[in-house]
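Data block below; observations after.
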Amino acid sequence: MSSSNEFHKIVDAVRRDVDRIAITAAIATLSAPCFRGAAEECASREYVRIVREKTPLRLLHLNVPGRTVPSVAAQLADLDPTVSAVLVTGSIVPEDTTALRAEVAALNGPTVLFELDLLTATLTAAAIGVLRSRDVPPRAGRIVIAGAERAPLLTPALTASRCATVVHWGVDDRSVESLQNLMRTNDVLIALDDRVPRDLAPAQTVRPPTDPTAQCSLVLPGLLSAMCGFGGATVTPQLLMASGVALTVLSGHDELLPDSDDPLLVAAVARFATRALFE
């Protein structure tokens with residue numbers, strides 16, 4: 001073999017190593033039929049596009065075919081050690097997000113982030129935005145969450161923000177009348193439960209969108225940047241709260257969320273999230 005060919009082989013090997021080392025984050029789509037649909041695949045591609053467009057992160061995009069939490073956890077934990085954070089997309093119930101995150105951590109895998117985490121941050125921001133638009137003084141707000149079990153980190157995130165007290169509807173009494181009574185003395189309703197009527201306190205109500213991709217994309221680039229820059233990050237209510245507050249800072253008085261084209265968006269979320277990671 002000529003020295004020229006040997007040289008080019010070495011160069012190619014170095015390039016492969018550089019590319020491998022540069023990959024710091026991943027977006028993993030759960031591809032088993034029990035987890036995946038056309039909407040999830042479209043969302044995954046959009047997240048990849050947004051992160052690549054708005055950050056310098058080198059991103060790995062992959063499908064994870066596991067059908068159970070342990071099998072998915074094993075595949076995520078087996079990712080290259082340079083991957084410090086992975087966003088998992090797919091139809092996964094809240095209980096499984098908690099279990100999957102714990103199993104990957106136990107296997108010393110990357111930090112796992114879910115769409116539900118991103119949505120928790122945007123719901124926190126929107127709730128604070130409603131309080132602000134109603135001129136509710138800081139720490140004096142009162143928030144009702146209908147269906148709190150569908151977003152387990154939302155209540156602690158709102159509590160961490162110290163903007164309001166939080167109560168849950170639907171634990172014992174699920175009647176619409178009881179919810180109407182609650183809203184006579186509360187400022188914001190976060191309606192995660194489909195049984196909440198659309199005409200109940202509409203000006204005070206925050207609902208997750210049918211397709212959360214656009215809202216989640218407000219948070220993802222900045223939050224992923226902070227997590228990859230920190231190393232060994234843990235997804236906590238404080239982290240999601242901080243990301244939500246960053247959105248609030250960039251929103252106008254009568255806006256619940258900032259514009260996706262705001263040039264300060266990624267940097268603001270990354271800054272607030274990094275501060276939370278160090279606390």
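Following the order of the structure tokens, first chain is A, next is B, and so on, with residues numbered from 1 inside each chain and ligands from 1 in the order they appear.
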
Ala191 (chain A) surroundings by only C-alpha atoms, 7 Å radius, close-in-sequence under 4 positions cut, as a ChimeraX atom specification | /A:145-147,196,205-207

Just the residues within 9 Å of Asp187 (chain A), please, counting only C-alpha atoms, with nothing from its chain fewer than 6 positions along; format it as a PyMOL selection string.
-> chain A and resi 130-131+134+136+141-144+204-205

What would the file look like if the residues just selected were written as a short mmCIF file (atom, residue, chain, number, x, y, z; two decimals), in the first residue's frame with all heavy atoms?
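The file below, selection-v5.cif, is the result:
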```cif
data_model
loop_
_atom_site.label_atom_id
_atom_site.label_comp_id
_atom_site.auth_asym_id
_atom_site.auth_seq_id
_atom_site.Cartn_x
_atom_site.Cartn_y
_atom_site.Cartn_z
N VAL A 130 -50.55 34.33 32.12
CA VAL A 130 -51.94 34.66 32.46
C VAL A 130 -51.99 35.48 33.75
O VAL A 130 -52.72 36.47 33.85
CB VAL A 130 -52.80 33.38 32.59
CG1 VAL A 130 -54.20 33.74 33.11
CG2 VAL A 130 -52.91 32.67 31.25
N LEU A 131 -51.22 35.06 34.74
CA LEU A 131 -51.17 35.82 36.00
C LEU A 131 -50.72 37.26 35.74
O LEU A 131 -51.30 38.21 36.28
CB LEU A 131 -50.21 35.15 36.98
CG LEU A 131 -50.63 33.79 37.55
CD1 LEU A 131 -49.49 33.18 38.37
CD2 LEU A 131 -51.89 33.92 38.41
N ARG A 134 -53.34 39.41 34.08
CA ARG A 134 -54.42 39.75 35.00
C ARG A 134 -53.93 40.63 36.16
O ARG A 134 -54.67 40.90 37.09
CB ARG A 134 -55.06 38.47 35.55
CG ARG A 134 -55.75 37.63 34.47
CD ARG A 134 -56.23 36.29 35.02
NE ARG A 134 -57.19 36.44 36.09
CZ ARG A 134 -58.48 36.66 35.93
NH1 ARG A 134 -58.97 36.76 34.70
NH2 ARG A 134 -59.29 36.78 36.95
N VAL A 136 -51.94 40.01 38.55
CA VAL A 136 -51.89 39.35 39.85
C VAL A 136 -50.51 39.60 40.46
O VAL A 136 -49.49 39.34 39.80
CB VAL A 136 -52.14 37.83 39.71
CG1 VAL A 136 -52.00 37.13 41.06
CG2 VAL A 136 -53.51 37.58 39.10
N GLY A 141 -50.65 34.51 43.22
CA GLY A 141 -51.49 33.81 42.26
C GLY A 141 -52.04 32.50 42.80
O GLY A 141 -51.50 31.91 43.74
N ARG A 142 -53.13 32.06 42.17
CA ARG A 142 -53.76 30.79 42.55
C ARG A 142 -54.07 30.03 41.26
O ARG A 142 -54.79 30.52 40.40
CB ARG A 142 -55.03 31.05 43.35
CG ARG A 142 -54.77 31.67 44.74
CD ARG A 142 -56.01 32.29 45.32
NE ARG A 142 -56.46 33.41 44.49
CZ ARG A 142 -57.51 34.19 44.79
NH1 ARG A 142 -58.21 33.96 45.87
NH2 ARG A 142 -57.85 35.18 43.98
N ILE A 143 -53.50 28.84 41.17
CA ILE A 143 -53.60 28.05 39.94
C ILE A 143 -54.28 26.72 40.23
O ILE A 143 -53.96 26.05 41.22
CB ILE A 143 -52.20 27.79 39.34
CG1 ILE A 143 -51.55 29.12 38.94
CG2 ILE A 143 -52.28 26.86 38.14
CD1 ILE A 143 -50.11 28.97 38.46
N VAL A 144 -55.21 26.35 39.36
CA VAL A 144 -55.86 25.04 39.41
C VAL A 144 -55.34 24.20 38.26
O VAL A 144 -55.29 24.67 37.11
CB VAL A 144 -57.39 25.17 39.29
CG1 VAL A 144 -58.04 23.79 39.30
CG2 VAL A 144 -57.96 26.03 40.41
N GLN A 204 -58.98 32.54 31.39
CA GLN A 204 -58.07 32.15 32.46
C GLN A 204 -57.45 30.77 32.23
O GLN A 204 -56.67 30.31 33.06
CB GLN A 204 -58.82 32.11 33.80
CG GLN A 204 -59.41 33.44 34.24
CD GLN A 204 -60.39 33.25 35.38
OE1 GLN A 204 -61.61 33.30 35.20
NE2 GLN A 204 -59.87 33.01 36.58
N THR A 205 -57.79 30.16 31.12
CA THR A 205 -57.43 28.75 30.92
C THR A 205 -56.25 28.58 29.97
O THR A 205 -56.19 29.21 28.91
CB THR A 205 -58.64 27.96 30.38
OG1 THR A 205 -59.71 28.07 31.32
CG2 THR A 205 -58.29 26.49 30.20
#
```

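Nearest residue to Glu46 (chain A) among A:Ile27, A:Leu192, A:Leu119, A:Met183 is A:Ile27, counting only C-alpha atoms.
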
Mind running region 98-163 of chain A against region 253-257 of chain A at 12 Å and telling me each contacting residue's nearest atom pair with the distance in Å (one decimal), counting only C-alpha atoms, chain and number ascending, as a tab-separated table?
```
residue	atom	partner	partner_atom	distance
A:Leu119	CA	A:Leu257	CA	12.0
A:Ala121	CA	A:Leu257	CA	10.7
A:Thr122	CA	A:Leu257	CA	7.5
A:Leu123	CA	A:Leu256	CA	9.2
A:Thr124	CA	A:Leu256	CA	9.8
A:Ala125	CA	A:Leu256	CA	6.8
A:Ala126	CA	A:Leu256	CA	4.6
A:Ala127	CA	A:Leu256	CA	7.6
A:Ile128	CA	A:Leu256	CA	7.8
A:Gly129	CA	A:Leu256	CA	4.7
A:Val130	CA	A:Leu256	CA	6.6
A:Leu131	CA	A:Leu256	CA	9.7
A:Arg132	CA	A:His253	CA	6.7
A:Ser133	CA	A:Asp254	CA	5.4
A:Arg134	CA	A:Asp254	CA	9.0
A:Asp135	CA	A:His253	CA	9.4
```

Preceding selection exported with C-alpha atoms as a PDB file, in the first residue's frame:
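Done, and the output landed in again04.pdb:
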```pdb
ATOM      1  CA  LEU A 119     -44.420  21.066  27.459  1.00  0.00           C
ATOM      2  CA  ALA A 121     -41.870  24.386  30.736  1.00  0.00           C
ATOM      3  CA  THR A 122     -44.208  26.057  28.235  1.00  0.00           C
ATOM      4  CA  LEU A 123     -47.273  25.457  30.427  1.00  0.00           C
ATOM      5  CA  THR A 124     -45.405  27.023  33.339  1.00  0.00           C
ATOM      6  CA  ALA A 125     -44.598  30.038  31.176  1.00  0.00           C
ATOM      7  CA  ALA A 126     -48.171  30.339  29.913  1.00  0.00           C
ATOM      8  CA  ALA A 127     -49.616  30.143  33.435  1.00  0.00           C
ATOM      9  CA  ILE A 128     -47.256  32.880  34.629  1.00  0.00           C
ATOM     10  CA  GLY A 129     -48.251  34.873  31.550  1.00  0.00           C
ATOM     11  CA  VAL A 130     -51.943  34.661  32.460  1.00  0.00           C
ATOM     12  CA  LEU A 131     -51.167  35.820  36.000  1.00  0.00           C
ATOM     13  CA  ARG A 132     -49.197  38.751  34.606  1.00  0.00           C
ATOM     14  CA  SER A 133     -51.920  39.718  32.134  1.00  0.00           C
ATOM     15  CA  ARG A 134     -54.422  39.749  35.000  1.00  0.00           C
ATOM     16  CA  ASP A 135     -52.050  41.919  37.077  1.00  0.00           C
TER      17      ASP A 135
END
```

Can you tell me, as number ranges by chain, what residues are no more than 8 Å from region 230-234 of chain A when counting only C-alpha atoms, ignoring any on the same chain fewer than 6 positions away?
-> A: 84, 110-111, 274, 277

So that each row is one residue of region 138-248 of chain A with an atom at most 8 Å from region 50-68 of chain A, can you give its shortest atom pair and the distance in Å to one decimal, using only C-alpha atoms, rows by chain and rising number, as a tab-separated table?
```
residue	atom	partner	partner_atom	distance
A:Ser217	CA	A:Ile50	CA	7.0
A:Leu220	CA	A:Val51	CA	7.4
A:Pro221	CA	A:Val51	CA	5.2
A:Ser225	CA	A:Leu57	CA	7.2
```

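Closest to Ala164 (chain A) among A:Pro209, A:Pro138, A:Pro237, A:Gly90 is A:Pro138, based on only C-alpha atoms.
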
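Taking only C-alpha atoms, the non-local environment of Val83 (chain A) within 8 Å (same-chain residues fewer than 3 positions away omitted) comprises Ile23, Thr24, Ala25, Ala26, Leu79, Asp80, Val86 and Pro110 of chain A.
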
Using only C-alpha atoms, which residues sit within 10 Å of Arg150 (chain A) once same-chain residues fewer than 3 positions away are excluded, as a PyMOL selection string?
-> chain A and resi 93-95+116+146-147+153-154+192-193

Could you dump the residues just selected with C-alpha atoms as a CSV table (one decimal), in the first residue's frame?
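Produced file selection10.csv, reproduced below:
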```csv
chain,number,residue,atom,x,y,z
A,93,VAL,CA,-47.4,7.6,29.2
A,94,PRO,CA,-46.2,9.7,32.1
A,95,GLU,CA,-45.5,6.7,34.3
A,116,LEU,CA,-43.6,16.2,28.3
A,146,ALA,CA,-57.1,19.7,36.0
A,147,GLY,CA,-55.4,16.3,35.3
A,153,LEU,CA,-43.4,17.7,37.1
A,154,LEU,CA,-45.8,20.6,36.4
A,192,LEU,CA,-54.8,18.8,31.0
A,193,ASP,CA,-58.1,16.8,31.5
```
